[in-house]
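> See input18.csv below, with CSV, C-alpha atoms and all ligand atoms.
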chain,number,residue,atom,x,y,z
A,22,ALA,CA,-29.5,10.6,90.5
A,23,PRO,CA,-27.0,12.7,92.5
A,24,THR,CA,-23.6,12.5,90.9
A,25,GLY,CA,-20.8,10.7,92.6
A,26,ILE,CA,-22.9,7.8,93.8
A,27,LYS,CA,-23.0,5.6,90.7
A,28,GLY,CA,-19.2,5.9,90.3
A,29,LYS,CA,-17.0,3.0,89.4
A,30,VAL,CA,-16.8,0.3,92.1
A,31,ASN,CA,-13.2,-0.4,92.9
A,32,VAL,CA,-12.4,-4.0,93.6
A,33,PRO,CA,-9.2,-3.9,95.7
A,34,GLN,CA,-6.3,-5.9,94.3
A,35,THR,CA,-4.9,-8.4,96.8
A,36,VAL,CA,-2.0,-6.8,98.6
A,37,THR,CA,0.6,-8.7,100.6
A,38,THR,CA,0.8,-7.4,104.1
A,39,THR,CA,3.5,-9.7,105.4
A,40,LEU,CA,6.5,-8.0,106.9
A,41,THR,CA,9.6,-7.7,104.9
A,42,GLY,CA,13.0,-8.7,106.1
A,43,GLN,CA,13.5,-5.3,107.7
A,44,GLY,CA,10.2,-5.6,109.5
A,45,GLN,CA,8.5,-3.1,107.2
A,46,SER,CA,5.0,-3.8,105.9
A,47,LYS,CA,4.8,-4.3,102.2
A,48,LEU,CA,1.4,-2.6,102.4
A,49,LEU,CA,3.1,0.6,103.6
A,50,GLU,CA,5.7,0.3,100.9
A,51,GLN,CA,2.8,0.2,98.4
A,52,PHE,CA,1.6,3.5,99.7
A,53,GLY,CA,5.0,4.9,99.3
A,54,GLY,CA,6.8,5.6,102.5
A,55,LYS,CA,8.1,5.3,106.0
A,56,TRP,CA,5.8,5.5,109.1
A,57,ASP,CA,7.1,8.9,110.1
A,58,GLU,CA,6.1,10.2,106.7
A,59,PHE,CA,2.8,8.5,106.7
A,60,LYS,CA,-0.2,10.8,105.9
A,61,PHE,CA,-3.7,10.3,104.8
A,62,ALA,CA,-5.2,12.2,101.8
A,63,PRO,CA,-6.9,15.3,103.3
A,64,ILE,CA,-10.7,15.5,103.9
A,65,ARG,CA,-13.2,18.0,105.3
A,66,GLU,CA,-15.7,16.7,107.9
A,67,SER,CA,-18.8,17.7,105.9
A,68,GLN,CA,-17.5,15.6,103.0
A,69,VAL,CA,-17.8,12.5,105.2
A,70,SER,CA,-21.3,13.5,106.3
A,71,ARG,CA,-22.4,14.1,102.7
A,72,ALA,CA,-20.8,10.9,101.4
A,73,MET,CA,-22.9,8.9,103.9
A,74,THR,CA,-26.2,10.8,103.9
A,75,ARG,CA,-26.4,11.2,100.1
A,76,ARG,CA,-26.1,7.5,99.7
A,77,TYR,CA,-28.5,6.7,102.5
A,78,PHE,CA,-31.2,9.1,101.4
A,79,GLN,CA,-30.8,7.9,97.8
A,80,ASP,CA,-31.3,4.3,99.1
A,81,LEU,CA,-34.4,5.4,101.0
A,82,ASP,CA,-35.8,7.0,97.9
A,83,ASN,CA,-34.9,4.0,95.7
A,84,TYR,CA,-36.1,1.3,98.1
A,85,ALA,CA,-39.4,3.0,99.0
A,86,GLU,CA,-40.7,0.9,96.2
A,87,SER,CA,-39.0,-2.5,96.5
A,88,ASP,CA,-39.8,-5.8,94.9
A,89,VAL,CA,-39.1,-7.9,98.0
A,90,VAL,CA,-38.8,-6.9,101.7
A,91,ILE,CA,-37.0,-9.3,104.0
A,92,VAL,CA,-37.8,-8.7,107.6
A,93,GLY,CA,-35.0,-9.9,109.9
A,94,ALA,CA,-31.4,-10.6,108.9
A,95,GLY,CA,-30.8,-13.8,110.9
A,96,SER,CA,-29.6,-17.0,109.3
A,97,CYS,CA,-32.9,-17.6,107.5
A,98,GLY,CA,-33.4,-14.1,106.2
A,99,LEU,CA,-29.8,-13.8,105.0
A,100,SER,CA,-30.1,-17.2,103.2
A,101,THR,CA,-33.3,-16.1,101.5
A,102,ALA,CA,-31.6,-12.9,100.4
A,103,TYR,CA,-28.6,-14.7,99.0
A,104,VAL,CA,-30.6,-17.1,96.9
A,105,LEU,CA,-33.1,-14.5,95.7
A,106,ALA,CA,-30.5,-11.8,94.9
A,107,LYS,CA,-28.4,-14.3,93.0
A,108,ALA,CA,-31.3,-15.8,91.0
A,109,ARG,CA,-32.9,-12.5,90.2
A,110,PRO,CA,-30.5,-9.6,89.8
A,111,ASP,CA,-33.5,-7.6,88.4
A,112,LEU,CA,-35.3,-7.6,91.8
A,113,LYS,CA,-34.8,-4.8,94.3
A,114,ILE,CA,-34.5,-6.5,97.7
A,115,ALA,CA,-34.6,-4.5,100.9
A,116,ILE,CA,-33.5,-6.2,104.2
A,117,LEU,CA,-34.8,-4.6,107.4
A,118,GLU,CA,-33.0,-5.6,110.6
A,119,ALA,CA,-34.1,-4.2,114.0
A,120,SER,CA,-30.7,-4.7,115.5
A,121,VAL,CA,-27.6,-2.6,114.7
A,122,SER,CA,-25.8,-5.9,114.0
A,123,PRO,CA,-27.3,-8.2,111.4
A,124,GLY,CA,-26.9,-12.0,111.9
A,125,GLY,CA,-29.6,-12.7,114.5
A,126,GLY,CA,-28.7,-15.8,116.6
A,127,ALA,CA,-26.1,-17.1,114.2
A,128,TRP,CA,-23.0,-15.6,115.6
A,129,LEU,CA,-22.6,-18.5,118.0
A,130,GLY,CA,-23.4,-22.2,117.5
A,131,GLY,CA,-25.5,-22.6,120.7
A,132,GLN,CA,-25.2,-21.4,124.3
A,133,LEU,CA,-22.0,-19.4,124.0
A,134,PHE,CA,-20.1,-22.1,122.0
A,135,SER,CA,-18.4,-21.3,118.7
A,136,ALA,CA,-19.0,-24.3,116.5
A,137,MET,CA,-22.1,-24.4,114.3
A,138,VAL,CA,-23.8,-27.7,113.4
A,139,LEU,CA,-25.8,-28.2,110.2
A,140,ARG,CA,-27.5,-31.4,109.3
A,141,ARG,CA,-27.1,-32.9,105.9
A,142,PRO,CA,-28.1,-32.0,103.2
A,143,ALA,CA,-27.6,-28.3,104.3
A,144,ASP,CA,-23.9,-28.8,103.7
A,145,ALA,CA,-24.6,-28.0,100.1
A,146,PHE,CA,-25.4,-24.4,101.0
A,147,LEU,CA,-22.0,-24.1,102.8
A,148,THR,CA,-20.3,-25.5,99.7
A,149,GLU,CA,-22.2,-22.9,97.6
A,150,LEU,CA,-21.0,-20.1,99.9
A,151,GLY,CA,-17.5,-21.5,100.1
A,152,VAL,CA,-17.6,-21.8,103.9
A,153,PRO,CA,-15.2,-24.6,105.1
A,154,PHE,CA,-16.7,-27.3,107.3
A,155,GLU,CA,-15.5,-30.5,109.0
A,156,GLU,CA,-17.0,-33.9,109.0
A,157,GLU,CA,-17.9,-35.3,112.4
A,158,PRO,CA,-15.9,-38.5,113.1
A,159,ASN,CA,-18.0,-41.6,112.6
A,160,ASN,CA,-21.2,-39.6,111.9
A,161,PRO,CA,-22.0,-38.8,108.3
A,162,ASN,CA,-25.3,-37.0,109.2
A,163,PHE,CA,-24.1,-33.6,110.0
A,164,VAL,CA,-21.2,-31.2,109.4
A,165,VAL,CA,-19.6,-28.6,111.7
A,166,VAL,CA,-18.3,-25.1,110.8
A,167,LYS,CA,-15.5,-24.3,113.2
A,168,HIS,CA,-17.1,-20.9,114.2
A,169,ALA,CA,-20.6,-19.8,113.5
A,170,ALA,CA,-19.3,-16.3,112.9
A,171,GLN,CA,-17.4,-17.6,109.9
A,172,PHE,CA,-20.7,-18.8,108.4
A,173,THR,CA,-22.5,-15.6,109.2
A,174,SER,CA,-19.8,-13.2,108.1
A,175,THR,CA,-19.3,-15.0,104.8
A,176,LEU,CA,-23.0,-15.1,104.1
A,177,LEU,CA,-23.5,-11.4,105.1
A,178,SER,CA,-20.5,-10.3,103.0
A,179,LYS,CA,-21.9,-12.1,99.9
A,180,VAL,CA,-25.4,-10.8,100.4
A,181,LEU,CA,-24.1,-7.2,100.8
A,182,SER,CA,-22.1,-7.5,97.6
A,183,PHE,CA,-25.2,-8.0,95.4
A,184,PRO,CA,-26.0,-4.6,93.8
A,185,ASN,CA,-29.7,-5.3,94.1
A,186,VAL,CA,-29.7,-5.6,97.9
A,187,LYS,CA,-29.9,-2.9,100.5
A,188,LEU,CA,-29.6,-3.7,104.2
A,189,PHE,CA,-31.3,-1.1,106.5
A,190,ASN,CA,-30.1,-2.0,110.0
A,191,ALA,CA,-31.3,-0.5,113.3
A,192,THR,CA,-34.6,-0.3,111.4
A,193,CYS,CA,-37.6,-2.0,112.9
A,194,VAL,CA,-40.7,-3.2,111.0
A,195,GLU,CA,-43.5,-2.0,113.3
A,196,ASP,CA,-46.5,-2.6,111.2
A,197,LEU,CA,-47.7,-4.0,107.9
A,198,ILE,CA,-49.2,-2.2,104.9
A,199,THR,CA,-52.4,-4.1,103.8
A,200,ARG,CA,-54.9,-4.0,101.0
A,201,ARG,CA,-58.4,-5.5,100.8
A,202,ASP,CA,-58.4,-8.4,98.4
A,203,GLY,CA,-62.0,-9.7,98.2
A,204,ASP,CA,-62.8,-11.1,101.7
A,205,ASN,CA,-59.1,-11.4,102.5
A,206,VAL,CA,-56.2,-9.1,103.1
A,207,ARG,CA,-53.0,-9.0,101.1
A,208,LEU,CA,-49.8,-7.3,102.1
A,209,ALA,CA,-48.5,-4.3,100.2
A,210,GLY,CA,-45.5,-3.3,102.2
A,211,VAL,CA,-44.1,-2.6,105.7
A,212,VAL,CA,-44.2,0.3,108.2
A,213,VAL,CA,-40.8,1.1,109.5
A,214,ASN,CA,-39.0,3.2,112.1
A,215,TRP,CA,-35.6,3.5,113.7
A,216,THR,CA,-35.5,0.7,116.3
A,217,LEU,CA,-34.6,3.3,119.0
A,218,VAL,CA,-37.8,5.1,118.1
A,219,THR,CA,-39.9,2.0,118.1
A,220,LEU,CA,-38.6,1.2,121.6
A,221,HIS,CA,-39.7,4.6,122.8
A,222,HIS,CA,-43.3,4.8,121.6
A,223,ASP,CA,-44.5,4.4,125.2
A,224,ASP,CA,-42.6,7.3,126.7
A,225,HIS,CA,-42.6,9.9,123.9
A,226,SER,CA,-45.4,11.7,122.1
A,227,CYS,CA,-46.3,10.3,118.6
A,228,MET,CA,-43.3,9.7,116.4
A,229,ASP,CA,-44.8,8.6,113.1
A,230,PRO,CA,-43.2,5.9,111.0
A,231,ASN,CA,-42.0,5.6,107.4
A,232,THR,CA,-43.1,3.1,104.8
A,233,ILE,CA,-41.7,0.7,102.1
A,234,ASN,CA,-44.1,-0.7,99.5
A,235,ALA,CA,-43.4,-4.1,98.1
A,236,PRO,CA,-45.7,-6.9,96.7
A,237,ILE,CA,-43.8,-9.6,98.7
A,238,ILE,CA,-42.7,-9.6,102.3
A,239,VAL,CA,-40.5,-12.4,103.6
A,240,SER,CA,-40.7,-12.5,107.3
A,241,THR,CA,-37.9,-14.3,109.2
A,242,THR,CA,-38.0,-12.5,112.6
A,243,GLY,CA,-37.3,-15.6,114.7
A,244,HIS,CA,-39.4,-17.0,117.5
A,245,ASP,CA,-41.2,-14.9,120.0
A,246,GLY,CA,-39.1,-12.6,122.2
A,247,PRO,CA,-38.6,-8.8,122.6
A,248,PHE,CA,-38.7,-8.4,118.8
A,249,GLY,CA,-39.4,-11.9,117.4
A,250,ALA,CA,-42.3,-13.4,115.5
A,251,PHE,CA,-43.4,-9.9,114.5
A,252,CYS,CA,-45.5,-10.6,111.4
A,253,ALA,CA,-46.9,-13.8,112.9
A,254,LYS,CA,-48.2,-11.8,115.9
A,255,ARG,CA,-49.5,-8.9,113.8
A,256,LEU,CA,-51.5,-11.4,111.7
A,257,VAL,CA,-53.3,-12.3,114.9
A,258,SER,CA,-53.8,-8.8,116.2
A,259,MET,CA,-55.3,-7.7,112.8
A,260,ASN,CA,-57.6,-10.8,112.7
A,261,SER,CA,-56.0,-12.3,109.6
A,262,ILE,CA,-55.5,-15.5,111.5
A,263,GLU,CA,-57.3,-16.6,114.6
A,264,LYS,CA,-54.4,-17.5,116.9
A,265,LEU,CA,-50.8,-18.6,116.9
A,266,GLY,CA,-49.8,-22.3,117.1
A,267,GLY,CA,-47.1,-21.3,119.6
A,268,MET,CA,-43.6,-22.7,119.4
A,269,ARG,CA,-43.3,-26.1,121.1
A,270,GLY,CA,-40.5,-27.7,123.1
A,271,LEU,CA,-37.2,-28.9,121.5
A,272,ASP,CA,-37.2,-31.8,119.1
A,273,MET,CA,-34.4,-31.5,116.5
A,274,ASN,CA,-35.6,-34.2,114.1
A,275,ALA,CA,-39.3,-33.1,114.1
A,276,ALA,CA,-38.5,-29.3,114.1
A,277,GLU,CA,-36.1,-29.0,111.2
A,278,ASP,CA,-38.0,-31.0,108.6
A,279,ALA,CA,-41.3,-29.3,109.6
A,280,ILE,CA,-39.9,-25.8,109.3
A,281,VAL,CA,-38.4,-26.4,105.8
A,282,LYS,CA,-41.4,-28.2,104.4
A,283,ASN,CA,-43.9,-25.6,105.6
A,284,THR,CA,-42.0,-22.4,104.6
A,285,ARG,CA,-44.7,-20.8,102.5
A,286,GLU,CA,-46.9,-17.8,101.7
A,287,VAL,CA,-49.0,-17.7,104.8
A,288,THR,CA,-51.2,-14.8,103.7
A,289,LYS,CA,-51.2,-13.2,100.3
A,290,GLY,CA,-47.9,-11.3,99.9
A,291,LEU,CA,-46.4,-12.7,103.2
A,292,ILE,CA,-44.0,-15.6,103.2
A,293,ILE,CA,-42.8,-16.8,106.6
A,294,GLY,CA,-39.7,-18.8,107.2
A,295,GLY,CA,-37.2,-19.8,109.9
A,296,MET,CA,-38.2,-19.9,113.6
A,297,GLU,CA,-41.1,-17.4,113.1
A,298,LEU,CA,-42.9,-20.2,111.3
A,299,SER,CA,-42.8,-22.3,114.5
A,300,GLU,CA,-45.0,-19.7,116.2
A,301,ILE,CA,-47.6,-19.8,113.3
A,302,ASP,CA,-47.8,-23.6,113.0
A,303,GLY,CA,-46.9,-24.7,116.6
A,304,PHE,CA,-43.8,-26.6,115.5
A,305,ASN,CA,-41.0,-27.7,117.9
A,306,ARG,CA,-37.8,-25.7,118.2
A,307,MET,CA,-34.5,-27.3,117.1
A,308,GLY,CA,-32.0,-25.6,119.3
A,309,PRO,CA,-28.5,-25.2,118.1
A,310,THR,CA,-28.6,-26.8,114.6
A,311,PHE,CA,-28.9,-24.4,111.7
A,312,GLY,CA,-29.6,-26.6,108.6
A,313,ALA,CA,-33.3,-25.8,108.7
A,314,MET,CA,-32.7,-22.1,108.8
A,315,VAL,CA,-30.6,-22.0,105.6
A,316,MET,CA,-32.9,-24.5,103.8
A,317,SER,CA,-36.0,-22.6,104.9
A,318,GLY,CA,-34.3,-19.5,103.5
A,319,VAL,CA,-33.8,-21.4,100.2
A,320,LYS,CA,-37.4,-22.4,100.2
A,321,ALA,CA,-38.6,-18.9,101.1
A,322,ALA,CA,-36.6,-17.6,98.1
A,323,GLU,CA,-38.2,-20.2,95.8
A,324,GLU,CA,-41.7,-19.4,97.1
A,325,THR,CA,-41.0,-15.7,96.3
A,326,LEU,CA,-39.8,-16.6,92.8
A,327,LYS,CA,-43.0,-18.6,92.3
A,328,VAL,CA,-45.0,-15.5,93.0
A,329,PHE,CA,-43.0,-13.4,90.5
A,330,ASP,CA,-43.3,-16.1,87.9
A,331,THR,CA,-47.1,-16.3,88.1
B,1,LIG,O1,-33.3,-8.7,115.4
B,1,LIG,C1,-33.9,-9.8,114.9
B,1,LIG,C2,-33.0,-10.9,114.3
B,1,LIG,O2,-31.8,-10.3,113.8
B,1,LIG,C3,-34.8,-9.5,113.6
B,1,LIG,N1,-36.1,-8.9,113.9
B,1,LIG,C4,-37.0,-9.3,114.8
B,1,LIG,N2,-38.1,-8.6,114.7
B,1,LIG,C5,-37.9,-7.6,113.8
B,1,LIG,C6,-38.7,-6.5,113.3
B,1,LIG,N3,-38.1,-5.7,112.4
B,1,LIG,C7,-36.9,-6.0,111.9
B,1,LIG,N4,-39.9,-6.2,113.8
B,1,LIG,C8,-36.6,-7.8,113.3
B,1,LIG,N5,-36.1,-7.0,112.3
B,1,LIG,O3,-35.0,-10.7,113.0
B,1,LIG,C9,-33.8,-11.5,113.2
B,1,LIG,C10,-34.2,-12.9,113.5
B,1,LIG,O4,-33.1,-13.7,113.5
B,1,LIG,P1,-33.0,-15.1,114.3
B,1,LIG,O5,-31.7,-15.6,114.2
B,1,LIG,O6,-33.6,-14.9,115.7
B,1,LIG,O7,-34.1,-16.0,113.5
B,1,LIG,P2,-33.9,-17.2,112.4
B,1,LIG,O8,-35.3,-17.8,112.3
B,1,LIG,O9,-33.2,-16.7,111.2
B,1,LIG,O10,-33.0,-18.2,113.1
B,1,LIG,C11,-33.4,-18.8,114.3
B,1,LIG,C12,-32.2,-19.6,114.9
B,1,LIG,C13,-32.6,-20.6,115.9
B,1,LIG,S1,-33.6,-20.3,117.2
B,1,LIG,C14,-33.5,-21.9,117.8
B,1,LIG,C15,-34.2,-22.3,119.0
B,1,LIG,O11,-34.7,-21.4,119.7
B,1,LIG,O12,-34.4,-23.5,119.2
B,1,LIG,N6,-32.8,-22.6,117.0
B,1,LIG,C16,-32.3,-22.0,115.9
B,1,LIG,C17,-31.4,-22.6,114.9
Take the structure in the file and give it back as structure tokens.
Ligand code: AHZ

Amino acid sequence: APTGIKGKVNVPQTVTTTLTGQGQSKLLEQFGGKWDEFKFAPIRESQVSRAMTRRYFQDLDNYAESDVVIVGAGSCGLSTAYVLAKARPDLKIAILEASVSPGGGAWLGGQLFSAMVLRRPADAFLTELGVPFEEEPNNPNFVVVKHAAQFTSTLLSKVLSFPNVKLFNATCVEDLITRRDGDNVRLAGVVVNWTLVTLHHDDHSCMDPNTINAPIIVSTTGHDGPFGAFCAKRLVSMNSIEKLGGMRGLDMNAAEDAIVKNTREVTKGLIIGGMELSEIDGFNRMGPTFGAMVMSGVKAAEETLKVFDT
């Protein structure tokens, strides 16, 4: 491996940034000075480029053979990654997210409102993550996180801290790698491209993709939309399943239980969870309640572990 990448990971000590009596930041004091003497350590531009590219290309090399690929870093995909990475530090987990910003639809609770609702017993996942939540007065059946972004940023930060996880954002899964398995097909990886390239296949000459091999793909690309339900739709276009069930109208009670219970290996090597599953099975949507997304993530991780255990 190139030197300088596997160096010691520095965990920052907590520093107090509160202002002192003289209105001076203690943080600045720690770095030894007054504002007019403030100076960063010197750097050359190429050193910045090399620090980034060396790591990225080493990651591309390392994760070209992954143990698990998670497609889509929404609430379901990130929950899957958290459970899996924690349970099995020996597994190499690549998360592929088409958008620049991971998190999918979980930055807001619903419409453009802040609070995020999760029905019990999904509060156990919040407790596991250490995300604070409120009880709803006179209703023990659900809990409320004051801002969905607090849930998503905490989950994301924990997932990214696992040494066995790499998130490739702005990277789109644009096809599946398949192998014949008797009369059936099993998945053996994914075909990827920069999302900006994927979006321009129609107006540029051929821009070939890249690949990642993995025995298990967990697809959590959400319901149909500009990018959503990717693997579900691909299963139909490659004749692996006849047709999609198609997501039905909103019914919170029916939808959440159905999604969690049915999160499963749909085709050999492909586990589907979250709202993408509603497109396969024809389940209802649940709208702005996120318990099923995290619990489907937990189940997707368990289904993945089952495959590795057999
Ligand atoms: O960008 C997508 C999003 O971040 C990403 N994605 C989609 N297609 C992709 C592809 N390659 C890589 N081909 C891709 N990434 O997948 C993520 C899906 O996140 P999401 O939040 O849309 O899905 P989820 O199933 O995790 O959560 C659904 C949340 C919903 S939708 C809903 C309703 O409509 O009623 N209710 C809830 C709680």
> Which neighbours of Val152 (chain A) fall inside 9 Å, counting all atoms listed in the file, when residues of the same chain fewer than 4 positions from it are skipped, and could you give them as a PyMOL selection string?
chain A and resi 146-148+166+171-172+175-176
> Just how far from CA of Gly249 (chain A) is atom N3 of ligand LIG 1 (chain B), in Å to one decimal?
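CA of Gly249 (chain A) lies at a distance of 8.1 Å from atom N3 of ligand LIG 1 (chain B).
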> Using only C-alpha atoms, find the one residue out of A:Lys113, A:Met296, A:Asp224, A:Arg141 that sits nearest to Asn162 (chain A).
A:Arg141
> Restricting the calculation to only C-alpha atoms and all ligand atoms: of A:Leu256, A:Leu112, A:Val319, A:Met273, which residue gets closest to ligand LIG 1 (chain B)?
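Of the candidates, the smallest distance to ligand LIG 1 (chain B) is held by A:Met273.
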> Find the residues of chain A that sit at most 6 Å from ligand LIG 1 (chain B); for each, write down the nearest two atoms and how far apart they are in Å, to one decimal. Count only C-alpha atoms and all ligand atoms. Sort by chain, then by number going up, and give it as a tab-separated table.

residue	atom	partner	partner_atom	distance
A:Val92	CA	B:LIG1	C7	5.2
A:Gly93	CA	B:LIG1	O3	3.2
A:Ala94	CA	B:LIG1	O2	4.9
A:Gly95	CA	B:LIG1	O4	3.5
A:Ser96	CA	B:LIG1	O9	4.1
A:Cys97	CA	B:LIG1	O9	3.8
A:Gly98	CA	B:LIG1	O9	5.6
A:Leu117	CA	B:LIG1	C7	5.2
A:Glu118	CA	B:LIG1	N5	3.8
A:Ala119	CA	B:LIG1	N5	3.8
A:Ser120	CA	B:LIG1	O1	4.8
A:Pro123	CA	B:LIG1	O2	5.5
A:Gly124	CA	B:LIG1	O2	5.5
A:Gly125	CA	B:LIG1	O2	3.3
A:Gly126	CA	B:LIG1	O5	3.8
A:Ala127	CA	B:LIG1	O5	5.8
A:Cys193	CA	B:LIG1	N3	3.8
A:Val194	CA	B:LIG1	N3	3.9
A:Glu195	CA	B:LIG1	N4	5.6
A:Thr241	CA	B:LIG1	O8	5.3
A:Thr242	CA	B:LIG1	O3	3.5
A:Gly243	CA	B:LIG1	O7	3.4
A:Phe248	CA	B:LIG1	N2	4.1
A:Gly249	CA	B:LIG1	C4	4.4
A:Phe251	CA	B:LIG1	N4	5.1
A:Gly295	CA	B:LIG1	O8	3.7
A:Met296	CA	B:LIG1	O8	3.8
A:Glu297	CA	B:LIG1	O8	5.9
A:Arg306	CA	B:LIG1	O12	4.2
A:Met307	CA	B:LIG1	O12	4.3
A:Gly308	CA	B:LIG1	O12	3.2
A:Pro309	CA	B:LIG1	C17	5.0
A:Thr310	CA	B:LIG1	C17	5.1
A:Phe311	CA	B:LIG1	C17	4.4
A:Met314	CA	B:LIG1	O10	5.8
> Between A:Thr219, A:Ser122, A:Ser258, A:Ser100, which is the closest to Ala313 (chain A) once you count all atoms listed in the file?
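The answer is A:Ser100, which sits nearest to Ala313 (chain A).
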> How far is it from CA of Leu298 (chain A) to CA of Ala275 (chain A), in Å with one decimal?
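CA of Ala275 (chain A) lies at a distance of 13.7 Å from CA of Leu298 (chain A).
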